[in-house]
file query08.cif (mmCIF, C-alpha atoms)
data_run
#
loop_
_atom_site.label_atom_id
_atom_site.label_comp_id
_atom_site.auth_asym_id
_atom_site.auth_seq_id
_atom_site.Cartn_x
_atom_site.Cartn_y
_atom_site.Cartn_z
CA MET A 1 26.20 -9.53 14.85
CA SER A 2 23.75 -11.21 12.45
CA GLN A 3 24.23 -10.82 8.72
CA PRO A 4 21.68 -8.72 6.77
CA ARG A 5 18.93 -10.83 5.21
CA THR A 6 18.79 -11.17 1.45
CA GLY A 7 17.37 -13.57 -1.12
CA PHE A 8 13.88 -14.70 -2.10
CA LEU A 9 13.02 -16.78 0.99
CA PRO A 10 13.97 -14.05 3.51
CA GLY A 11 11.83 -11.71 1.43
CA LEU A 12 8.86 -14.04 1.82
CA VAL A 13 9.46 -14.26 5.57
CA THR A 14 9.61 -10.47 5.83
CA ALA A 15 6.26 -10.31 3.99
CA ILE A 16 4.45 -12.46 6.59
CA PRO A 17 3.31 -9.57 8.87
CA ILE A 18 2.16 -7.63 5.82
CA ALA A 19 0.34 -10.66 4.41
CA LEU A 20 -1.43 -11.20 7.74
CA GLY A 21 -2.68 -7.62 7.56
CA TYR A 22 -3.53 -7.70 3.86
CA PHE A 23 -5.61 -10.87 3.84
CA PRO A 24 -8.55 -9.71 6.00
CA ILE A 25 -8.63 -6.30 4.31
CA ALA A 26 -8.68 -7.93 0.89
CA PHE A 27 -11.39 -10.28 2.13
CA SER A 28 -13.42 -7.20 3.06
CA PHE A 29 -12.84 -5.76 -0.41
CA GLY A 30 -14.03 -8.97 -2.05
CA VAL A 31 -17.19 -8.88 0.04
CA ALA A 32 -17.78 -5.18 -0.76
CA ALA A 33 -17.21 -5.77 -4.48
CA THR A 34 -19.80 -8.54 -4.74
CA ARG A 35 -22.19 -6.52 -2.59
CA ALA A 36 -21.83 -3.70 -5.13
CA GLY A 37 -22.82 -6.03 -7.97
CA LEU A 38 -19.49 -7.31 -9.31
CA THR A 39 -18.98 -10.98 -9.94
CA ALA A 40 -16.34 -12.92 -8.02
CA THR A 41 -14.18 -13.02 -11.14
CA GLU A 42 -14.45 -9.26 -11.68
CA ALA A 43 -13.59 -8.53 -8.05
CA THR A 44 -10.54 -10.80 -8.17
CA MET A 45 -9.39 -9.24 -11.45
CA LEU A 46 -9.44 -5.80 -9.81
CA SER A 47 -6.94 -7.04 -7.25
CA LEU A 48 -4.88 -8.89 -9.83
CA VAL A 49 -4.55 -5.91 -12.16
CA ILE A 50 -4.90 -2.77 -10.02
CA TYR A 51 -3.46 -4.01 -6.69
CA ALA A 52 -3.77 -0.63 -5.01
CA GLY A 53 -5.12 -1.28 -1.52
CA ALA A 54 -7.38 1.53 -0.36
CA SER A 55 -7.58 2.89 -3.91
CA GLN A 56 -9.44 -0.25 -4.94
CA PHE A 57 -12.26 0.66 -2.57
CA LEU A 58 -12.38 4.08 -4.21
CA ALA A 59 -12.31 2.46 -7.65
CA LEU A 60 -15.25 0.32 -6.61
CA VAL A 61 -17.24 3.38 -5.55
CA LEU A 62 -16.41 5.22 -8.77
CA LEU A 63 -17.25 2.27 -11.01
CA THR A 64 -20.56 1.51 -9.34
CA SER A 65 -21.67 5.15 -9.07
CA GLY A 66 -21.49 5.74 -12.80
CA ALA A 67 -18.51 8.10 -12.74
CA PRO A 68 -16.93 8.68 -16.19
CA VAL A 69 -14.03 6.35 -16.93
CA LEU A 70 -11.63 9.24 -17.52
CA VAL A 71 -12.52 10.87 -14.20
CA SER A 72 -12.11 7.56 -12.41
CA ALA A 73 -8.72 6.93 -14.03
CA VAL A 74 -7.38 10.42 -13.25
CA THR A 75 -8.58 10.23 -9.64
CA LEU A 76 -6.93 6.87 -9.04
CA MET A 77 -3.68 7.96 -10.68
CA ALA A 78 -3.62 11.12 -8.56
CA MET A 79 -4.08 9.09 -5.37
CA ASN A 80 -1.20 6.81 -6.31
CA LEU A 81 1.37 9.35 -7.53
CA ARG A 82 3.37 8.72 -4.36
CA HIS A 83 4.39 5.32 -5.72
CA LEU A 84 6.61 7.04 -8.28
CA VAL A 85 9.14 7.92 -5.57
CA TYR A 86 9.22 4.54 -3.82
CA GLY A 87 11.61 2.81 -6.20
CA PRO A 88 14.13 5.69 -6.40
CA ALA A 89 14.04 6.11 -2.60
CA LEU A 90 14.79 2.41 -2.07
CA LEU A 91 17.61 2.40 -4.62
CA LYS A 92 19.14 5.50 -3.02
CA GLN A 93 19.18 3.71 0.34
CA ALA A 94 20.51 0.51 -1.27
CA GLY A 95 23.51 2.22 -2.88
CA ASP A 96 24.94 2.61 -6.35
CA ASP A 97 25.64 -1.12 -6.81
CA ALA A 98 21.95 -2.12 -6.54
CA ARG A 99 20.79 -4.12 -9.55
CA THR A 100 17.59 -3.06 -11.33
CA ARG A 101 17.36 -5.60 -14.16
CA TRP A 102 13.97 -6.88 -12.96
CA ALA A 103 12.69 -3.63 -11.45
CA GLY A 104 9.68 -3.69 -13.75
CA ALA A 105 8.57 -6.94 -12.11
CA TRP A 106 9.13 -6.35 -8.37
CA GLY A 107 8.23 -2.66 -8.80
CA PHE A 108 4.62 -3.66 -9.54
CA TRP A 109 4.43 -5.27 -6.07
CA LEU A 110 5.85 -2.18 -4.32
CA THR A 111 3.10 -0.89 -2.03
CA ASP A 112 3.11 1.47 0.96
CA GLU A 113 3.68 -1.45 3.32
CA THR A 114 6.31 -3.38 1.32
CA PHE A 115 8.18 -0.12 0.71
CA ALA A 116 8.15 0.71 4.43
CA ALA A 117 9.31 -2.81 5.35
CA ALA A 118 12.14 -2.78 2.81
CA LEU A 119 13.27 0.76 3.60
CA GLY A 120 13.13 0.12 7.35
CA GLY A 121 15.18 -3.06 6.97
CA LEU A 122 17.77 -1.28 4.86
CA ALA A 123 17.99 1.69 7.23
CA ARG A 124 18.53 -0.57 10.26
CA GLY A 125 21.03 -2.80 8.46
CA LYS A 126 18.81 -5.89 8.81
CA VAL A 127 18.28 -6.25 5.06
CA ARG A 128 20.68 -6.14 2.14
CA PHE A 129 18.97 -5.03 -1.04
CA SER A 130 18.61 -7.62 -3.78
CA GLU A 131 16.04 -8.17 -6.48
CA PRO A 132 15.22 -11.72 -5.24
CA PHE A 133 14.52 -10.28 -1.77
CA MET A 134 12.21 -7.63 -3.23
CA ALA A 135 10.48 -10.30 -5.33
CA GLY A 136 9.85 -12.47 -2.27
CA LEU A 137 8.62 -9.52 -0.22
CA GLY A 138 6.34 -8.27 -2.98
CA LEU A 139 5.00 -11.66 -4.07
CA GLY A 140 4.14 -12.67 -0.50
CA ALA A 141 2.06 -9.54 0.02
CA TYR A 142 0.49 -9.74 -3.45
CA ALA A 143 -0.54 -13.37 -3.01
CA ALA A 144 -2.25 -12.55 0.30
CA TRP A 145 -4.14 -9.63 -1.24
CA VAL A 146 -5.36 -11.54 -4.29
CA SER A 147 -6.31 -14.70 -2.38
CA GLY A 148 -8.09 -12.65 0.28
CA THR A 149 -10.09 -10.85 -2.40
CA ALA A 150 -11.00 -14.10 -4.12
CA LEU A 151 -12.14 -15.72 -0.87
CA GLY A 152 -14.20 -12.68 0.14
CA ALA A 153 -15.80 -12.48 -3.30
CA TRP A 154 -16.57 -16.19 -3.27
CA ALA A 155 -18.10 -15.95 0.22
CA GLY A 156 -20.56 -13.31 -1.02
CA GLY A 157 -21.70 -9.82 -0.15
CA GLY A 158 -23.71 -10.76 2.94
CA VAL A 159 -21.05 -12.74 4.79
CA LEU A 160 -20.16 -9.89 7.21
CA ASP A 161 -23.71 -8.63 7.81
CA ALA A 162 -23.94 -10.51 11.10
CA TRP A 163 -20.70 -8.90 12.39
CA PRO A 164 -20.90 -5.13 11.71
CA SER A 165 -18.10 -4.37 14.20
CA VAL A 166 -15.77 -6.75 12.37
CA SER A 167 -16.66 -5.15 9.05
CA ALA A 168 -15.90 -1.67 10.44
CA GLY A 169 -12.60 -2.83 11.96
CA LEU A 170 -11.38 -4.31 8.68
CA GLY A 171 -11.64 -0.88 7.07
CA PHE A 172 -9.08 0.51 9.55
CA MET A 173 -6.56 -2.32 9.34
CA LEU A 174 -4.76 -1.04 6.23
CA ALA A 175 -4.09 2.36 7.81
CA ALA A 176 -3.08 0.71 11.11
CA LEU A 177 -0.65 -1.64 9.34
CA PHE A 178 1.08 1.20 7.48
CA LEU A 179 1.22 3.31 10.65
CA ALA A 180 2.93 0.46 12.54
CA LEU A 181 5.53 0.10 9.78
CA LEU A 182 6.06 3.87 9.67
CA LEU A 183 6.64 4.06 13.43
CA SER A 184 9.27 1.32 13.19
CA ILE A 185 11.54 3.57 11.09
CA LEU A 186 10.61 6.91 12.65
CA THR A 187 13.42 9.19 13.84
CA ARG A 188 13.31 12.58 15.54
CA ALA A 189 14.55 14.31 12.40
CA GLN A 190 11.50 13.05 10.49
CA VAL A 191 8.90 14.36 12.96
CA PRO A 192 8.62 17.91 11.50
CA VAL A 193 8.17 16.44 8.00
CA ILE A 194 5.39 14.15 9.19
CA VAL A 195 3.69 16.94 11.14
CA VAL A 196 3.66 19.29 8.14
CA ALA A 197 2.39 16.55 5.81
CA GLY A 198 -0.29 15.56 8.31
CA VAL A 199 -1.55 19.11 8.89
CA VAL A 200 -1.75 19.89 5.16
CA THR A 201 -3.52 16.59 4.50
CA VAL A 202 -6.13 17.21 7.19
CA LEU A 203 -6.77 20.82 6.15
CA GLY A 204 -6.97 19.93 2.46
CA THR A 205 -9.38 17.10 3.17
CA LEU A 206 -11.62 19.19 5.43
CA PHE A 207 -11.81 22.31 3.27
CA VAL A 208 -11.43 20.96 -0.29
CA SER A 209 -11.51 17.19 -0.88
CA SER A 210 -9.77 14.00 0.19
CA THR A 211 -7.83 13.84 -3.09
CA THR A 212 -6.60 17.40 -2.62
CA GLY A 213 -5.64 16.64 0.97
CA ILE A 214 -3.64 13.56 0.01
CA LEU A 215 -1.83 15.25 -2.87
CA GLY A 216 -1.18 18.39 -0.82
CA GLY A 217 0.18 16.34 2.09
CA ILE A 218 2.52 14.42 -0.20
CA LEU A 219 3.81 17.62 -1.82
CA ALA A 220 4.20 19.46 1.50
CA GLY A 221 5.99 16.53 3.13
CA SER A 222 8.34 16.16 0.15
CA LEU A 223 9.21 19.87 0.15
CA MET A 224 9.74 19.87 3.91
CA GLY A 225 12.04 16.88 3.56
CA LEU A 226 14.10 18.69 0.93
CA VAL A 227 14.35 21.85 3.05
CA ARG A 228 15.63 19.90 6.08
CA ARG A 229 18.30 17.98 4.14
#
call {"tool": "encode", "arguments": {"input": "query08.cif", "output": "structure tokens"}}
result
Amino acid sequence: MSQPRTGFLPGLVTAIPIALGYFPIAFSFGVAATRAGLTATEATMLSLVIYAGASQFLALVLLTSGAPVLVSAVTLMAMNLRHLVYGPALLKQAGDDARTRWAGAWGFWLTDETFAAALGGLARGKVRFSEPFMAGLGLGAYAAWVSGTALGAWAGGGVLDAWPSVSAGLGFMLAALFLALLLSILTRAQVPVIVVAGVVTVLGTLFVSSTTGILGGILAGSLMGLVRR
């Protein structure tokens, strides 16, 4: 039986599938940002500082549509509230002896996909939690996102005009990547939780707004998870 992976280099290796998914999506963001009027430097800085995947596309829309800064900030924070539970959930799976000295550093790189990869590895016994492993996993994904953004911004806003199908496909890759990681750790006991969260999200999005749907789905899924414990 192979030993669980740990350390910085195994973390980087684990990040490769995520990085391969992140790079083209970030490239698409860089293109969209320059098309919306941002400079290449401004687009890259959004990825360097915010690093929020799909929320960056929303931030781009809000910034370029003239939405008030406070409204934009509250909207983005609401969409990303789920990240508050990622660290505690990982540490619970890792055990009481998990070190958190540098949690402020690797926690910044904790996204939907890196969280799913780390949690899935821990749950299957393929990964042993360590801060160097989390740093390698997070840095690998972060580097792909920032470099993809920079390249897309440098290429310019019209680079994908000749391939509209490619441009449309890039917008779905982030959701497809997270879905693939989610399915890899799915168990029968989790199905009711996912169904409830999905139904509430769809209904909230259709009848109120996408932000309401996302927040409602997160809350409903969390409550359902607590009830079934």
call {"tool": "atom_distance", "arguments": {"input": "query08.cif", "atom1": "CA of Ala73 (chain A)", "atom2": "CA of Ala135 (chain A)"}}
result
27.2 Å
call {"tool": "atom_distance", "arguments": {"input": "query08.cif", "atom1": "CA of Val127 (chain A)", "atom2": "CA of Gly221 (chain A)"}}
result
26.0 Å
call {"tool": "closest_residue", "arguments": {"input": "query08.cif", "among": "A:Ser222, A:Val227, A:Glu113, A:Arg124", "to": "Leu20 (chain A)", "atoms": "all atoms listed in the file"}}
result
A:Glu113
call {"tool": "atom_distance", "arguments": {"input": "query08.cif", "atom1": "CA of Pro24 (chain A)", "atom2": "CA of Leu48 (chain A)"}}
result
16.3 Å
call {"tool": "closest_residue", "arguments": {"input": "query08.cif", "among": "A:Pro132, A:Gly148, A:Pro88, A:Gly95", "to": "Phe115 (chain A)", "atoms": "all atoms listed in the file"}}
result
A:Pro88
call {"tool": "residues_around", "arguments": {"input": "query08.cif", "residues": "Leu62 (chain A)", "least_positions_apart": "3", "cutoff": "10 Å", "atoms": "only C-alpha atoms", "output": "list in words"}}
result
Gln56, Phe57, Leu58, Ala59, Ser65, Gly66, Ala67, Pro68, Val69, Val71, Ser72, Ala73, Thr75 and Leu76 of chain A
call {"tool": "closest_residue", "arguments": {"input": "query08.cif", "among": "A:Thr111, A:Thr41, A:Thr14, A:Thr201", "to": "His83 (chain A)", "atoms": "all atoms listed in the file"}}
result
A:Thr111
call {"tool": "residues_near_point", "arguments": {"input": "query08.cif", "point": "(4.2, 12.5, -3.4)", "cutoff": "6 Å", "atoms": "only C-alpha atoms", "output": "ChimeraX atom specification"}}
result
/A:81-82,218-219
call {"tool": "residues_around", "arguments": {"input": "query08.cif", "residues": "Val31 (chain A)", "least_positions_apart": "4", "cutoff": "7 Å", "atoms": "all atoms listed in the file", "output": "PyMOL selection string"}}
result
chain A and resi 27+35+152-153+156-157
call {"tool": "closest_residue", "arguments": {"input": "query08.cif", "among": "A:Leu110, A:Ala40, A:Ala89, A:Ala33", "to": "Leu63 (chain A)", "atoms": "all atoms listed in the file"}}
result
A:Ala33
call {"tool": "closest_residue", "arguments": {"input": "query08.cif", "among": "A:Gly125, A:Thr100, A:Arg188, A:Trp145", "to": "Phe29 (chain A)", "atoms": "all atoms listed in the file"}}
result
A:Trp145
call {"tool": "residues_around", "arguments": {"input": "query08.cif", "residues": "region 203-211 of chain A", "least_positions_apart": "3", "cutoff": "10 Å", "atoms": "all atoms listed in the file", "output": "JSON list (two decimals) with C-alpha atoms, in the frame of the given file"}}
result
[["chain", "number", "residue", "atom", "x", "y", "z"],
["A", 75, "THR", "CA", -8.58, 10.23, -9.64],
["A", 76, "LEU", "CA", -6.93, 6.87, -9.04],
["A", 78, "ALA", "CA", -3.62, 11.12, -8.56],
["A", 79, "MET", "CA", -4.08, 9.09, -5.37],
["A", 198, "GLY", "CA", -0.29, 15.56, 8.31],
["A", 199, "VAL", "CA", -1.55, 19.11, 8.89],
["A", 200, "VAL", "CA", -1.75, 19.89, 5.16],
["A", 214, "ILE", "CA", -3.64, 13.56, 0.01],
["A", 215, "LEU", "CA", -1.83, 15.25, -2.87],
["A", 216, "GLY", "CA", -1.18, 18.39, -0.82],
["A", 217, "GLY", "CA", 0.18, 16.34, 2.09]]
call {"tool": "residues_around", "arguments": {"input": "query08.cif", "residues": "Leu119 (chain A)", "least_positions_apart": "2", "cutoff": "10 Å", "atoms": "all atoms listed in the file", "output": "PyMOL selection string"}}
result
chain A and resi 86+89-91+93-94+113-117+121-125+127+129+181-182+185
call {"tool": "closest_residue", "arguments": {"input": "query08.cif", "among": "A:Met77, A:Leu38, A:Ile25, A:Leu60", "to": "Ala141 (chain A)", "atoms": "all atoms listed in the file"}}
result
A:Ile25
